[in-house]
Structure formats: structure tokens, C-alpha cells
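Participant: Input: one structure, supplied below.
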Amino acid sequence: MAAVEDYGISSPLQLHMISAFLATEPPDVVISLARDCGGGSLDDRVQSCIWRQCICKADVKLQGPYLKRFLKKLILEIESDGQDVLDELYEHYAFYLTSLQDNDVAKGNSRILKSISFLFADESSGLVSCPKSRNLEVQLQCSLNMLEGDTGCSLWPSSIFLSEFILSFPEIFANKCCFEVGSGVGLVGVCIAHVKASKVILSDGDLSALANMKVNLELNHLSTNSYSIDDRVVRSMVQCVCLPWESATKDDLRRFAPDIILGADVIYDPSCLPHLVQVLATLLRPESSSHNEKRLNHSLQEKVASNGSPVPEILGHPSTNGPVAFLTSVIRNIETFNYFLALAKKADLIAMDITEKVEIFEFLPYLRSYPRSNVRIFKIYM
Ligand SMILES: C[S@@+](CC[C@H](N)C(=O)[O-])C[C@H]1O[C@@H](n2cnc3c(N)ncnc32)[C@H](O)[C@@H]1O
């Protein structure tokens, strides 16, 4: 990810505005951040920054409909402030008016490119206290239709929160085999790969969500292709698997033998929950001896993380060093959630709400439409 100086911008406020624009935050949010840069005003200096750092850098093909809406709102606000509008902004808006019809989007499954920048420490900006080397910008092709791909082609707040959790505790995931259920657009997978998991297995039950996820992994330079060395087929570090919970067999699941299981916003459809709990229970109950050997080796490394800092006890398995799952969820319907908890208990799983017990850094202060405080994180283990 580019640092403040690389953008040719002078303040963290500008970085927030540009990051919000590239993440395709609602125009109101970006304009309010632009006003913060201009001390309340959308003057020439702010307009020129929006032009050079936002509009000129956008992908016309993938962000056209968003740019059109944004420019319309921006021009209206500048005019109603009684300010002069930069010629370039007018000209660009006119271009979109003639080249893009509103019904282009209405026709169906339109995609948009979101660029999610996790903002880490920077001495000049003082954003958050983490090494800048962990900087990360993730490109995600998402659908404008929230239901496309069984909801798996949209980015949901729970996966943003789970990503912040992963980046807050990279030491837990380094050198671990991580398995995600209901991965959707793949943001969590990119973050686990970034913190150097030894294996990243992403899964989803919907084929169009899987196809979109693969596009996103490639956009982020993560290949899922196997390759061969000396006639041996070597599987890539990142794998995408089609895994409908209803048809996943215990044998299939045990082969993955993950150390950590992840899931974001997968607790919402009561009819799927018995199957989801079955998948979690199988993955959390290691039975093969090779798995136990691997676990013993890991447990020896576990006390001290790769950067030398101790791994918070609350995040590990309390007694056996067995696998743990981290699930994030927005609790929209308490009955559905309680049903999940009851099923988990029946399957001998312990679910612990750790939301207030760990400090998860806010790496996305500019993402004002992200309802961070509505997301909870649970540790689940057997
Ligand atoms: C609300 S989306 C969340 C996607 C992603 N984790 C996120 O938070 O952005 C739910 C995901 O779970 C997947 N899913 C739902 N039911 C499933 C099932 N029965 N088997 C496998 N995947 C399922 C959907 O395809 C979708 O990708």
C-alpha cells in the first residue's frame, strides 16, 4: 500500500478521504471526509486533491456507475456552498452522463472494484501502533446485488471485522493451516495469507461466489493453481474448495486438518445451521494421529509468536492446543443465534464471546459506513 508521501498528499485526513473513495464508500461519506480536509469547505485545493488522487486513479470500467453518482453529489454540494466547480469535475461528469445510462446497473449483476486499505502505523500520521511493514491494500471485485452468489459476492461487515482481528493478532495465524467456511469474496483469505499462514483453505457452497473469489485472489497476486516439481503435483498455498455444508462428509473434512477455522457472517439461515455446526464439530475434533503429531509440534512453538510477543491466552485452546474456530457475526435475529448456540452445545462445542476480551485495532477509520460495533467475535472449541 502506498504511504501518505507516496500519494503526494500531506495529511492523514487526505489519506482517509482517498481510502474511502477507493473503497467506494457512499458519496456522502467521502464528501464529509473531503470537508474535514478543507476545514469544512470544498475549496479549490480540496477539489483538486479529489480530482488528482481519486477521480484520475479510478478504474473507469469497474467504477463508472460509482464515479457518476459521486460526481453528481459532489458538484451539487460545491454549487450549493456557492463555490466554483473545477472544470475537470464538470467535464468528467458530462462524460459519464453521455456514456453511462442508469439502467446499465439495473440490468443485473454489475460488479464494482473496492480497494480496502488497512492503515497501519506511520510516524507522520500516527494512525495506529503497529509496524508499517504490515500495510495491506486488498482489491475486491464485488457485486452491486447483495443477494448474488447466495450473498457470497458482496462484502459483509463481519469479514471486515474478522480481517481486523487477523491483522491485530498475526502471530496466531503465522505458520498455521487455516480453513474458512462461507468465504464469499475472499477478504479474510487475503488477510490470512498476508500474515503468513502455512496454508489457506477457502470454501463456499456457491459456485458463482467461488468463481468471484478466485478472481479476487488473482487480483491480490495469490494463485490457487497447483504446480508440479519432479513429477509431483504440489498444491498451492491457497486453495478454494466447493463445500456446501449439507453435503460435506466427515472424511472430506478430516483431510483438511486445520489448526484454525474461520467464518464471517455465516449464522443467519436456521435451515443451514445444523449442517454448519456439524462441519465445525468435525473440524474441531481432530482424530488422525498425523494431526496430533502436527499439533504437538505447534504447541512447542505456540508460547512465543514469530515476532517474539506472547500469544494472548484467551485466543488459544484452553487445555489441549487443539484447533479453535473464530466466527464473527452481526446478530440480526437473536432466536437464530440462540439456535446456533444450542446446536453447538449439543455437539459439545464451547462458544465464547471474546469481543470485549481482546483489543482489535481499528485499521479502517475512514470506512464510516461499516457498522463495526454491531459485529461480535466468538471463539469456538471442543
Ligand atoms: C453473508 S455471506 C458472508 C460472506 C463472507 N464471509 C463475508 O462475510 O463477506 C454468507 C456466505 O456463506 C455461504 N453459505 C451460505 N450457506 C451455505 C451453505 N449451506 N454451505 C456453504 N456455504 C454457504 C454463502 O455462499 C456466502 O458466501
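Residues are referred to by chain and number: the chain letter is A, B, ... according to the order shown in the C-alpha cells, the number counts from 1 in that chain, and ligands are numbered separately from 1 in the order shown.
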Which residues of chain A come within 8 Å of ligand 1, and for each one, what is the closest pair of atoms and their distance in Å to one decimal, counting only C-alpha atoms and all ligand atoms, sorted by chain and residue number, as a Markdown table?

Facilitator:
| residue | atom | partner | partner_atom_place_in_ligand_line | distance |
| --- | --- | --- | --- | --- |
| A:Gly149 | CA | ligand 1 | 25 (O) | 6.0 |
| A:Asp150 | CA | ligand 1 | 25 (O) | 4.7 |
| A:Thr151 | CA | ligand 1 | 2 (S) | 4.8 |
| A:Gly152 | CA | ligand 1 | 27 (O) | 3.1 |
| A:Cys153 | CA | ligand 1 | 27 (O) | 6.8 |
| A:Ser154 | CA | ligand 1 | 9 (O) | 6.1 |
| A:Leu155 | CA | ligand 1 | 9 (O) | 4.0 |
| A:Trp156 | CA | ligand 1 | 9 (O) | 3.8 |
| A:Pro157 | CA | ligand 1 | 8 (O) | 6.3 |
| A:Ser158 | CA | ligand 1 | 8 (O) | 5.0 |
| A:Ser159 | CA | ligand 1 | 8 (O) | 4.0 |
| A:Ile160 | CA | ligand 1 | 8 (O) | 7.2 |
| A:Val181 | CA | ligand 1 | 22 (N) | 6.6 |
| A:Gly182 | CA | ligand 1 | 12 (O) | 3.6 |
| A:Ser183 | CA | ligand 1 | 6 (N) | 4.3 |
| A:Gly184 | CA | ligand 1 | 27 (O) | 3.6 |
| A:Val185 | CA | ligand 1 | 9 (O) | 6.1 |
| A:Gly186 | CA | ligand 1 | 5 (C) | 7.1 |
| A:Leu187 | CA | ligand 1 | 9 (O) | 7.2 |
| A:Val188 | CA | ligand 1 | 6 (N) | 7.7 |
| A:Ser203 | CA | ligand 1 | 22 (N) | 7.3 |
| A:Asp204 | CA | ligand 1 | 22 (N) | 4.4 |
| A:Gly205 | CA | ligand 1 | 21 (C) | 3.5 |
| A:Asp206 | CA | ligand 1 | 25 (O) | 4.6 |
| A:Ala209 | CA | ligand 1 | 27 (O) | 6.0 |
| A:Cys242 | CA | ligand 1 | 21 (C) | 7.9 |
| A:Leu243 | CA | ligand 1 | 21 (C) | 5.5 |
| A:Pro244 | CA | ligand 1 | 20 (N) | 3.5 |
| A:Trp245 | CA | ligand 1 | 20 (N) | 4.1 |
| A:Glu246 | CA | ligand 1 | 19 (N) | 5.9 |
| A:Gly263 | CA | ligand 1 | 6 (N) | 6.1 |
| A:Ala264 | CA | ligand 1 | 6 (N) | 4.2 |
| A:Asp265 | CA | ligand 1 | 8 (O) | 4.7 |
| A:Val266 | CA | ligand 1 | 10 (C) | 5.0 |
| A:Tyr268 | CA | ligand 1 | 1 (C) | 7.7 |
| A:Asp269 | CA | ligand 1 | 16 (N) | 7.3 |
| A:Cys272 | CA | ligand 1 | 19 (N) | 5.2 |
| A:Leu273 | CA | ligand 1 | 19 (N) | 8.0 |
| A:His275 | CA | ligand 1 | 19 (N) | 7.2 |
| A:Leu276 | CA | ligand 1 | 19 (N) | 7.1 |

Participant: Set the distance at 10 Å and use only C-alpha atoms: which residues neighbour region 86-93 of chain A once local chain neighbours fewer than 6 positions away are removed? I'd like the list as a VMD selection string.

Facilitator: chain A and resid 43 to 45 47 to 48 50 to 52 55 to 56 67 to 72 74 to 75 78 99

Participant: Restricting the calculation to only C-alpha atoms, which member of A:Val195, A:Ala281, A:Val358, A:Ile267 is positioned closest to Ile331 (chain A)?

Facilitator: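 Once distances to Ile331 (chain A) are computed over only C-alpha atoms, the minimum belongs to A:Ile267.
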
Participant: Check the DSSP output for the backbone and give back, as a PDB file with N, CA and C atoms, in the first residue's frame, the residues of region 12-41 of chain A in alpha helix (DSSP H).

Facilitator:
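So the final result, stored in states32.pdb, reads:
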ATOM      1  N   PRO A  12      -3.073  12.828   7.182  1.00  0.00           N
ATOM      2  CA  PRO A  12      -3.875  11.611   7.351  1.00  0.00           C
ATOM      3  C   PRO A  12      -5.322  11.836   6.930  1.00  0.00           C
ATOM      4  N   LEU A  13      -5.815  13.071   7.070  1.00  0.00           N
ATOM      5  CA  LEU A  13      -7.210  13.324   6.664  1.00  0.00           C
ATOM      6  C   LEU A  13      -7.388  13.061   5.171  1.00  0.00           C
ATOM      7  N   GLN A  14      -6.392  13.498   4.391  1.00  0.00           N
ATOM      8  CA  GLN A  14      -6.471  13.247   2.949  1.00  0.00           C
ATOM      9  C   GLN A  14      -6.381  11.750   2.652  1.00  0.00           C
ATOM     10  N   LEU A  15      -5.532  11.073   3.404  1.00  0.00           N
ATOM     11  CA  LEU A  15      -5.404   9.617   3.207  1.00  0.00           C
ATOM     12  C   LEU A  15      -6.745   8.941   3.493  1.00  0.00           C
ATOM     13  N   HIS A  16      -7.437   9.399   4.524  1.00  0.00           N
ATOM     14  CA  HIS A  16      -8.755   8.823   4.846  1.00  0.00           C
ATOM     15  C   HIS A  16      -9.744   9.073   3.708  1.00  0.00           C
ATOM     16  N   MET A  17      -9.725  10.296   3.181  1.00  0.00           N
ATOM     17  CA  MET A  17     -10.671  10.619   2.101  1.00  0.00           C
ATOM     18  C   MET A  17     -10.400   9.742   0.868  1.00  0.00           C
ATOM     19  N   ILE A  18      -9.137   9.623   0.503  1.00  0.00           N
ATOM     20  CA  ILE A  18      -8.778   8.843  -0.693  1.00  0.00           C
ATOM     21  C   ILE A  18      -9.100   7.365  -0.464  1.00  0.00           C
ATOM     22  N   SER A  19      -8.784   6.858   0.729  1.00  0.00           N
ATOM     23  CA  SER A  19      -9.063   5.441   1.026  1.00  0.00           C
ATOM     24  C   SER A  19     -10.564   5.178   0.970  1.00  0.00           C
ATOM     25  N   ALA A  20     -11.355   6.119   1.490  1.00  0.00           N
ATOM     26  CA  ALA A  20     -12.814   5.940   1.487  1.00  0.00           C
ATOM     27  C   ALA A  20     -13.333   5.924   0.048  1.00  0.00           C
ATOM     28  N   PHE A  21     -12.772   6.798  -0.796  1.00  0.00           N
ATOM     29  CA  PHE A  21     -13.192   6.832  -2.200  1.00  0.00           C
ATOM     30  C   PHE A  21     -12.844   5.503  -2.883  1.00  0.00           C
ATOM     31  N   LEU A  22     -11.625   5.021  -2.680  1.00  0.00           N
ATOM     32  CA  LEU A  22     -11.207   3.786  -3.358  1.00  0.00           C
ATOM     33  C   LEU A  22     -11.961   2.561  -2.831  1.00  0.00           C
ATOM     34  N   PRO A  27     -21.069   8.263  -1.422  1.00  0.00           N
ATOM     35  CA  PRO A  27     -20.570   9.611  -1.723  1.00  0.00           C
ATOM     36  C   PRO A  27     -20.646  10.575  -0.531  1.00  0.00           C
ATOM     37  N   ASP A  28     -21.726  10.503   0.255  1.00  0.00           N
ATOM     38  CA  ASP A  28     -21.853  11.395   1.433  1.00  0.00           C
ATOM     39  C   ASP A  28     -20.658  11.247   2.373  1.00  0.00           C
ATOM     40  N   VAL A  29     -20.222  10.005   2.571  1.00  0.00           N
ATOM     41  CA  VAL A  29     -19.112   9.744   3.491  1.00  0.00           C
ATOM     42  C   VAL A  29     -17.830  10.378   2.937  1.00  0.00           C
ATOM     43  N   VAL A  30     -17.567  10.162   1.631  1.00  0.00           N
ATOM     44  CA  VAL A  30     -16.315  10.678   1.043  1.00  0.00           C
ATOM     45  C   VAL A  30     -16.334  12.214   1.072  1.00  0.00           C
ATOM     46  N   ILE A  31     -17.505  12.789   0.778  1.00  0.00           N
ATOM     47  CA  ILE A  31     -17.585  14.258   0.744  1.00  0.00           C
ATOM     48  C   ILE A  31     -17.409  14.826   2.158  1.00  0.00           C
ATOM     49  N   SER A  32     -17.948  14.130   3.150  1.00  0.00           N
ATOM     50  CA  SER A  32     -17.761  14.628   4.520  1.00  0.00           C
ATOM     51  C   SER A  32     -16.278  14.547   4.928  1.00  0.00           C
ATOM     52  N   LEU A  33     -15.583  13.482   4.482  1.00  0.00           N
ATOM     53  CA  LEU A  33     -14.145  13.397   4.765  1.00  0.00           C
ATOM     54  C   LEU A  33     -13.381  14.479   3.993  1.00  0.00           C
ATOM     55  N   ALA A  34     -13.868  14.794   2.772  1.00  0.00           N
ATOM     56  CA  ALA A  34     -13.225  15.863   1.984  1.00  0.00           C
ATOM     57  C   ALA A  34     -13.389  17.202   2.708  1.00  0.00           C
ATOM     58  N   ARG A  35     -14.551  17.401   3.292  1.00  0.00           N
ATOM     59  CA  ARG A  35     -14.766  18.651   4.049  1.00  0.00           C
ATOM     60  C   ARG A  35     -13.824  18.719   5.247  1.00  0.00           C
ATOM     61  N   ASP A  36     -13.594  17.556   5.889  1.00  0.00           N
ATOM     62  CA  ASP A  36     -12.644  17.550   7.022  1.00  0.00           C
ATOM     63  C   ASP A  36     -11.278  18.042   6.549  1.00  0.00           C
ATOM     64  N   CYS A  37     -10.901  17.649   5.311  1.00  0.00           N
ATOM     65  CA  CYS A  37      -9.585  18.073   4.777  1.00  0.00           C
ATOM     66  C   CYS A  37      -9.549  19.588   4.557  1.00  0.00           C
TER      67      CYS A  37
END

Participant: Which residues come within 12 Å of region 216-221 of chain A, counting only C-alpha atoms, excluding same-chain residues fewer than 6 positions away, as a PyMOL selection string?

Facilitator: chain A and resi 1+111-116+136-142+153-155+183-194+200-202+209-210+237-240

Participant: Write a file of the selected residues as a PDB file, in the first residue's frame, keeping C-alpha atoms.

Facilitator:
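Below is the file that was written, again_26.pdb:
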ATOM      1  CA  MET A   1       0.000   0.000   0.000  1.00  0.00           C
ATOM      2  CA  ARG A 111     -19.606  -5.628 -10.411  1.00  0.00           C
ATOM      3  CA  ILE A 112     -17.624  -2.919  -8.692  1.00  0.00           C
ATOM      4  CA  LEU A 113     -13.987  -2.845  -7.646  1.00  0.00           C
ATOM      5  CA  LYS A 114     -13.413  -1.988  -3.984  1.00  0.00           C
ATOM      6  CA  SER A 115      -9.963  -1.287  -2.705  1.00  0.00           C
ATOM      7  CA  ILE A 116      -9.763  -1.830   1.065  1.00  0.00           C
ATOM      8  CA  LEU A 136      -2.096  -4.039   3.214  1.00  0.00           C
ATOM      9  CA  GLU A 137      -4.370  -2.945   0.382  1.00  0.00           C
ATOM     10  CA  VAL A 138      -6.864  -5.559  -0.840  1.00  0.00           C
ATOM     11  CA  GLN A 139      -8.619  -5.335  -4.220  1.00  0.00           C
ATOM     12  CA  LEU A 140     -12.058  -6.933  -4.288  1.00  0.00           C
ATOM     13  CA  GLN A 141     -14.474  -7.344  -7.128  1.00  0.00           C
ATOM     14  CA  CYS A 142     -17.921  -7.276  -5.505  1.00  0.00           C
ATOM     15  CA  CYS A 153     -20.428 -11.897  -3.978  1.00  0.00           C
ATOM     16  CA  SER A 154     -20.810  -8.972  -1.539  1.00  0.00           C
ATOM     17  CA  LEU A 155     -18.513  -7.847   1.221  1.00  0.00           C
ATOM     18  CA  SER A 183     -15.597 -17.283   2.392  1.00  0.00           C
ATOM     19  CA  GLY A 184     -17.591 -15.120  -0.052  1.00  0.00           C
ATOM     20  CA  VAL A 185     -15.425 -12.503  -1.795  1.00  0.00           C
ATOM     21  CA  GLY A 186     -12.229 -13.743  -0.087  1.00  0.00           C
ATOM     22  CA  LEU A 187     -11.103 -10.756   2.015  1.00  0.00           C
ATOM     23  CA  VAL A 188     -10.355 -12.940   5.051  1.00  0.00           C
ATOM     24  CA  GLY A 189      -8.272 -15.310   2.895  1.00  0.00           C
ATOM     25  CA  VAL A 190      -6.084 -12.465   1.606  1.00  0.00           C
ATOM     26  CA  CYS A 191      -5.503 -11.319   5.191  1.00  0.00           C
ATOM     27  CA  ILE A 192      -4.570 -14.815   6.428  1.00  0.00           C
ATOM     28  CA  ALA A 193      -2.107 -15.182   3.551  1.00  0.00           C
ATOM     29  CA  HIS A 194      -0.670 -11.740   4.417  1.00  0.00           C
ATOM     30  CA  VAL A 200      -5.086 -21.007   3.407  1.00  0.00           C
ATOM     31  CA  ILE A 201      -8.146 -23.087   2.527  1.00  0.00           C
ATOM     32  CA  LEU A 202     -11.154 -21.018   1.497  1.00  0.00           C
ATOM     33  CA  ALA A 209     -19.202 -16.901  -5.166  1.00  0.00           C
ATOM     34  CA  LEU A 210     -16.254 -19.294  -5.643  1.00  0.00           C
ATOM     35  CA  MET A 237      -0.554 -22.496  -0.533  1.00  0.00           C
ATOM     36  CA  VAL A 238      -4.029 -21.076  -1.185  1.00  0.00           C
ATOM     37  CA  GLN A 239      -6.872 -23.416  -2.095  1.00  0.00           C
ATOM     38  CA  CYS A 240     -10.508 -22.706  -2.958  1.00  0.00           C
TER      39      CYS A 240
END

Participant: Apply DSSP to the backbone of this structure and, from region 129-171 of chain A, keep only the residues in strand (DSSP E or B); write these as JSON, numbers by chain.

Facilitator: {"A": [136, 137, 138, 139, 140, 141, 142, 143]}

Participant: Let's have the selection written as an mmCIF file, in the first residue's frame, with N, CA and C atoms.

Facilitator:
data_model
loop_
_atom_site.group_PDB
_atom_site.id
_atom_site.type_symbol
_atom_site.label_atom_id
_atom_site.label_comp_id
_atom_site.auth_asym_id
_atom_site.auth_seq_id
_atom_site.Cartn_x
_atom_site.Cartn_y
_atom_site.Cartn_z
ATOM 1 N N LEU A 136 -1.401 -3.139 4.132
ATOM 2 C CA LEU A 136 -2.096 -4.039 3.214
ATOM 3 C C LEU A 136 -3.215 -3.300 2.496
ATOM 4 N N GLU A 137 -3.259 -3.478 1.170
ATOM 5 C CA GLU A 137 -4.370 -2.945 0.382
ATOM 6 C C GLU A 137 -4.950 -4.117 -0.404
ATOM 7 N N VAL A 138 -6.238 -4.379 -0.208
ATOM 8 C CA VAL A 138 -6.864 -5.559 -0.840
ATOM 9 C C VAL A 138 -7.851 -5.094 -1.907
ATOM 10 N N GLN A 139 -7.704 -5.667 -3.110
ATOM 11 C CA GLN A 139 -8.619 -5.335 -4.220
ATOM 12 C C GLN A 139 -9.721 -6.399 -4.254
ATOM 13 N N LEU A 140 -10.963 -5.958 -4.280
ATOM 14 C CA LEU A 140 -12.058 -6.933 -4.288
ATOM 15 C C LEU A 140 -13.106 -6.580 -5.325
ATOM 16 N N GLN A 141 -13.349 -7.522 -6.212
ATOM 17 C CA GLN A 141 -14.474 -7.344 -7.128
ATOM 18 C C GLN A 141 -15.730 -7.821 -6.378
ATOM 19 N N CYS A 142 -16.702 -6.933 -6.251
ATOM 20 C CA CYS A 142 -17.921 -7.276 -5.505
ATOM 21 C C CYS A 142 -19.122 -7.030 -6.399
ATOM 22 N N SER A 143 -20.231 -7.654 -6.043
ATOM 23 C CA SER A 143 -21.454 -7.422 -6.809
ATOM 24 C C SER A 143 -22.228 -6.271 -6.189
#

Participant: Rank A:Leu253, A:Ile172, A:Val375, A:Ala325 by their smallest atom-to-atom distance to Met352 (chain A), using only C-alpha atoms, and report the top residue only.

Facilitator: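 Ranked by minimum distance to Met352 (chain A), first place goes to A:Ala325.
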
Participant: Pick the closest to Ile354 (chain A) from A:Gln53, A:Thr328, A:Ser11, A:Gln83: which is it, counting only C-alpha atoms?

Facilitator: A:Thr328
